2 protein chains.
Amino acid sequence: METLSPHQIMVLFFSLGILLGTARLLGEIAQRLHQPSILGELIAGVILGPTILGNIAPGASEFLFPLQGPNAIALETIATLAIGLFLLVAGMEVDLSTVWKQGKTGFKVGLASIAVPFFIVLTAALIIPEALGRHADADAMTFALFLAIAMSISALPIIAKTLIDMDFYRSDMGMVVISAAIFNDIVGWIIFAIILGLMGEASGNGTPVMLTIILTLAFIAAMLTAGRWLIHRILPFIQAYTRWPAGELSFALVIGLLGAAFTEWIGIHAILGAFIMGVAIGDSSHLRERSRVIIGDFISFIFAPVFFASIGLKVDFAAHFDLLLVLAILLVAFVCKLAGGTIGAWWGKMSSRESWAVGFAMVSVGAMGIIVGIIALEAGVIRERLFVALIIMAIVTSMVSGPGMRLILRPEKKLRLLDLFSPKLFLPELRSAFRREVIYEMAEAAGNAAGLDAQALGDAVWARETVMSTGIGKGVALPHARIEKLKKSMVVIGISRLGIDFDAPDDKIAHVIFLILTPVDAPEEQLTIAAELSRLFRDPAMLDNILQARSYTDFIALLHAPAPTEPGSAAKNPESP
Amino acid sequence: METLSPHQIMVLFFSLGILLGTARLLGEIAQRLHQPSILGELIAGVILGPTILGNIAPGASEFLFPLQGPNAIALETIATLAIGLFLLVAGMEVDLSTVWKQGKTGFKVGLASIAVPFFIVLTAALIIPEALGRHADADAMTFALFLAIAMSISALPIIAKTLIDMDFYRSDMGMVVISAAIFNDIVGWIIFAIILGLMGEASGNGTPVMLTIILTLAFIAAMLTAGRWLIHRILPFIQAYTRWPAGELSFALVIGLLGAAFTEWIGIHAILGAFIMGVAIGDSSHLRERSRVIIGDFISFIFAPVFFASIGLKVDFAAHFDLLLVLAILLVAFVCKLAGGTIGAWWGKMSSRESWAVGFAMVSVGAMGIIVGIIALEAGVIRERLFVALIIMAIVTSMVSGPGMRLILRPEKKLRLLDLFSPKLFLPELRSAFRREVIYEMAEAAGNAAGLDAQALGDAVWARETVMSTGIGKGVALPHARIEKLKKSMVVIGISRLGIDFDAPDDKIAHVIFLILTPVDAPEEQLTIAAELSRLFRDPAMLDNILQARSYTDFIALLHAPAPTEPGSAAKNPESP
C-alpha cells in the first residue's frame, strides 16, 4: 500500500494545524465584530493560500500547501470529507415538522425566495454569459443554471443563528423564515443535483441525465419516507443493543458516508446524499441529544472551518478580483433575493414590516452558495473571477442579512450579563467582613469605573439594604440600587472566602456578592439582572467553582463555558447500566 | 490544486462507510462476546483486505481499497490522522496525579512490567533475529529494540476498561495498576522515540540520533512542565473569550496536530507528540467535561475503528501466518509481561494474590503494541510474518488479561438490571385496573417465564403487598417477594397508561410497575434491585419516556442510552449567557 513519507506526514499534521488554528482564530475575530465566522475562516485560507502567502513567500506556501503530490491529495481528501460531513450536520439540523407546521406561508416564502432570483439570474446569464465570467468550454445552459442556483440558495445555519441572536427564533415570523429556508435548501439542492446530472451528460462521462434525475428524486423520496421510517425504527435497537454512544454515532456517520457515495455514484455530488441522510436521521425523535452534540460540534467546529479555509487555498483572490463583476453579482443577488423573500411574505399575507424582515432574512447566501461555487469551479463551469465574485457575494449577503433585519424589526437589545461586568468591577478578595463595609467597598469600585461619587452610591445601596436584606440564600447576595446619574447598568462582583452575613432566608453566609446598579430610567432592568444572576446558581456547583476563580477570566470562563450537569461520569465510564 | 475525480470521491465515501460500518459491527459483536472491541475492528480489516476479500474477489478489493493512486493516499491520510488523534485522546485520559499518588508501588510495577520483557526480548532478538522474522535489510540492534518495545508496552485503555468492568478501578490495587500502566506508556513511548531516532540515523536520512533524543526528551520535559502550566493558564481565556465549545475543541486539536508535526519533524513519529500534548491538555482541571466527551467519543468511536480496521488492509494475514512464530511470540510476551508485573507488585510489597492479579492486568499489549507493530512494518524493520505474529500477540494478551484477573480475584458479579429483564417479562399494556389484579397479571408472566406456579407467585407478592403498600411515588410501584424455588432474580415490567393506585406516599397513581422476584438465598438482592430501579427515576423525564416506549427495545434503549440531563438547549443555542 502506498504510504506517506515522514516528511509528508509532518506536512500533513503541520498544515492542518496551521489551517485549523488560523481559520478558528479569524472566525472568532469575525464573531467578535458581529460578522459570520465563515468570513474569518475564508480569510484564513486567503491569507495562507496563493493570494497572500503565495505572493509574499511562495516557498512557505508550496511547503505547506503543495498543489501537486500526496499532500495535495491528503488535503483534498480532508476537505472532501469535511464538506460531506458538514452537509450531514446541516441536514440533521433540518426539522421537517417545522415546515409542515408553518404550512402555506413558509412554502410561499421558500418558493418565491428561490424562484425570483433563479429566473432573473437564469435569464441574465443566458443573455450575457461572457460578461458574467462563463468558462469558455462550459455549456451555456449549464452555466446559466449553475449561476442561477448559486444566487438563489439560502444559508439555513446563518439564518437560524441570526434569528436566535435576535430572540425571534421561536416567534411565528421566525418559524416562517426557518421553514422557508428549509424548503429553499431542499429544493435548491434538488435543482442543483439536476444541473449536475445535466453536466455529467454534457461532459459525456456519466449516466444519462434523465436516469440521474429519476434516481436522485427516487433517492430523496425514498429516504424522506421509507428511509426515515426505517431509521426511526432502527435507532432504538442500536441504543438498546450496542455500546452507547458508539453505536449511534457510527450509525449516523456510516449512513451519511454511504448516502454520499450513492449520490456521487449516480452522477450528482456526494453532498446531496449526505444532506438527505442527515435530514432522515436528524428527524428521528429517537436520536439522542448527546449524539447530536458530539457529531454537530466536532464537525461544525473542526471539519467545517478546515473546509472553508481550504477554499481560499484554491484561488488567488486578488488576481481574479473583478470589481465590476463583484458589484454586479452582489447587486443582482441582493435585490433578487430581497425581492423574492419579501414578495413571498406579502403573498403569505404578512404585514409589510414583517415581509421586509423576512426578505432580509432570506438574503443570506452563505455557506451553501460557497459550496455551489466551489463545485462549479472544480467542474470547470465557471472561471476564477466569477468564483471570487460568488464567494464575496455569499459572504456579503450573509453580513447584511442580520443588520437589515435589526434595522426593520428593532428588537429590544437582549440583556447579556457579560456586558454588565468588567475586570475593574471584579473584586476576588473582599477586604471587609461586614455587610455595610462590603457595600461601601464594592461601591468604591463602581464609583471609580463610572466616574461617580462612590460615597453616594454606597449610601443609596445601603439605604436599600436597610429596608430589607438582600441575601438570597445559597451563599449569594444581591445588594442593589437605582442610581440617578448612571447611564448604563453595571454589576460589581465581590468574592469573600470568609463570608459575610447578609441575613439570608437560609441563614447561610454570603460568599459571592453582586452589587447591581441600574439607571433610574430603566426600572425593569434591576429585576432582570437579579433574575439572571440567581439563575446562574441553579447549578449547585457554581458557588464552589466561583470561589475557585482566581481572576476575572476564570470567572467569565465559568459563565461562558458551563461546567457539566452530568458530573464526570460520561467519559470515564464507557458502560451503561 | 490536484483534485479527486468523481469516481475517486465516490470510492472515498463508499470505502470509508464500509470500513467504519464493518469495524464497528464486528467491534460490537466482539464486545458481546466479552472480548475487546479492537479484536472485531482488526478482523473487519482482515475480512475487507487482502486476506479474505482480496482472495475471494480481487476486483472488489482493488475497487474499494486500491494499493496505489489517490484513493490509497486518501485512506492513508485518514489512517494517519486517526492514529495521531487517537493518541491525543489516549494522552488526555492519562491522569498524572494518579501516578504521583500511588508513588512507589505504581513505579515499581511500571518499571518491572517494562524492564523484564524488554531485556528478555532484546536478548532473544539479538541472538536469534532471523527466527523471529527480522527484515533482511534491517539493522540487528534496531530490530531487537523494536521487538522488545513492542512486547513490553501495555494497553492503558484496555486495562482501565477491565478494571472498571470488575469494579476495581477505584480500589488501591486498581490505582496501582493504572499508575503503572501510565508509567509504562510514557516510558515505552520515550524508548520507542529513541529507537526511531536511531533508525533515522541508521537509514541515513534524518537528524543525528543524539540530537533527536535530546530534542525528544526536551520536548517531553517542556510540555509536561511549562507547556502544561501554560495550557492550564490559557484554557480559561479560551473559555471566557471564544465561542463555546468551538474555541476549546479547536485549541485541543490544533495543539495536538502541531505537537504531532513537531515530533515527526525532529525525526520521531507524530504519535508521540500527539500523545504528550494530550497528556498536557488532559491534565488541566480547566478542560471542561463537554470537550473531553466530544473529542473522546468522536475520535474513539469514529477515527480509532477506521485506523484499526485499516491495519488489516495492509497485510495478507493468512499468507503470512506462521504458527510457530505466533506461538513463540505469544508465549514469550505472556510469560515476560506476567512475570514483570507480578515481580513489580511483589517488590512493592503487595500480597501474593494481588501481585498475580496485577501481573495479569499488565499482560495486555493491545492497541499500543499494534501501533508499534505497524510503524515497524512501514519502516521496513520487520517482515510481514512477524507483524502478523505481533498483532495476534497484542490481541490475545488483551483477551486473556481480564479473565486472568477474574480468575484470581473472583470479583462479585455486579448486578446489572439488564440481566433481570427479558422481552417476555415486558407488559407494555397492563389489562388490569386494580392493585391485586395487576400483581396476579404480572405474576403470570413471571410464572410462565420461570416455569413456576403463577398463582403461588402472585400469592407471595400479594401477601407482602398487604403488609405495606409498595408504591414509592412519582408514578412508580415496586411490588416484590422472595421466592423459594426461584434460581435467579427476575423483574417483570408492567406499564399502565390509566394508572393503578398503589397507595404511594405522594398519592400519585402508579404508571410503571416493577414486580421484583428474588431467590430466598440471596436476601440482599431485593434491596439492591429496588434501589437500582428507583434510581432510574431520579431523572424526572424517565416516567414520561417509559410511557412512550412501545416495545421492549424502546424500553431498553431508554435505560442504555439515557436521555440528556441538559434538555435540548445545547445544540440549538450556540451562544452562552
# chains A, B, ... in the order shown; residues from 1 in each chain; ligands from 1

call {"tool": "residues_around", "arguments": {"residues": "range 34-37 of chain B", "least_positions_apart": "5", "cutoff": "9 Å", "atoms": "only C-alpha atoms", "output": "PyMOL selection string"}}
result
chain B and resi 23-24+26-29+42+158+305+366+395+398-399

call {"tool": "closest_atom_pairs", "arguments": {"of": "chain A", "to": "chain B", "cutoff": "6 Å", "atoms": "only C-alpha atoms", "output": "CSV"}}
result
residue,atom,partner,partner_atom,distance
A:Met1,CA,B:Leu67,CA,4.3
A:Glu2,CA,B:Gln68,CA,5.5
A:Met10,CA,B:Ala261,CA,4.7
A:Phe13,CA,B:Ala261,CA,5.1
A:Phe14,CA,B:Ala261,CA,5.0
A:Gly17,CA,B:Val254,CA,4.8
A:Gly21,CA,B:Val254,CA,5.9
A:Leu67,CA,B:Met1,CA,4.3
A:Gln68,CA,B:Glu2,CA,5.5
A:Ala74,CA,B:Thr77,CA,5.6
A:Thr77,CA,B:Ala74,CA,5.6
A:Pro236,CA,B:Asp554,CA,5.4
A:Phe237,CA,B:Thr553,CA,5.9
A:Gln239,CA,B:Ala557,CA,4.7
A:Ala240,CA,B:Ala557,CA,3.9
A:Trp244,CA,B:Ala561,CA,5.9
A:Ala246,CA,B:Phe301,CA,5.3
A:Val254,CA,B:Gly17,CA,4.9
A:Leu257,CA,B:Gly17,CA,5.1
A:Leu258,CA,B:Phe14,CA,5.5
A:Ala261,CA,B:Met10,CA,4.7
A:Glu264,CA,B:Met10,CA,5.4
A:Trp265,CA,B:Met10,CA,6.0
A:Val293,CA,B:Ala571,CA,5.6
A:Ile294,CA,B:Ile294,CA,4.8
A:Phe301,CA,B:Ala246,CA,5.3
A:Thr553,CA,B:Phe237,CA,5.9
A:Asp554,CA,B:Pro236,CA,5.3
A:Ile556,CA,B:Ala240,CA,5.0
A:Ala557,CA,B:Ala240,CA,3.9
A:His560,CA,B:Ser576,CA,5.5
A:Ala561,CA,B:Gln239,CA,5.6
A:Ala571,CA,B:Val293,CA,5.6
A:Ser576,CA,B:His560,CA,5.5

call {"tool": "residues_around", "arguments": {"residues": "Ala522 in chain B", "least_positions_apart": "3", "cutoff": "12 Å", "atoms": "only C-alpha atoms", "output": "list in words"}}
result
Leu415, Ala481, Arg482, Ile483, Glu484, Leu486, Lys487, Lys488, Ser489, Leu517, Thr518, Pro519, Glu525, Gln526, Leu527, Thr528 and Ile529 of chain B

call {"tool": "atom_distance", "arguments": {"atom1": "CA of Ile120 in chain A", "atom2": "CA of Ala148 in chain A"}}
result
7.9 Å

call {"tool": "closest_residue", "arguments": {"among": "A:Gly174, A:Pro117, A:Gly59, A:Gly499", "to": "Thr98 in chain A", "atoms": "only C-alpha atoms"}}
result
A:Gly174

call {"tool": "residues_around", "arguments": {"residues": "range 101-106 of chain B", "least_positions_apart": "3", "cutoff": "6 Å", "atoms": "only C-alpha atoms", "output": "ChimeraX atom specification"}}
result
/B:98,109-110,176,179-180,348

call {"tool": "closest_residue", "arguments": {"among": "A:Val363, A:Leu156, A:Ile371, A:Val279", "to": "Asp95 in chain A", "atoms": "only C-alpha atoms"}}
result
A:Val279
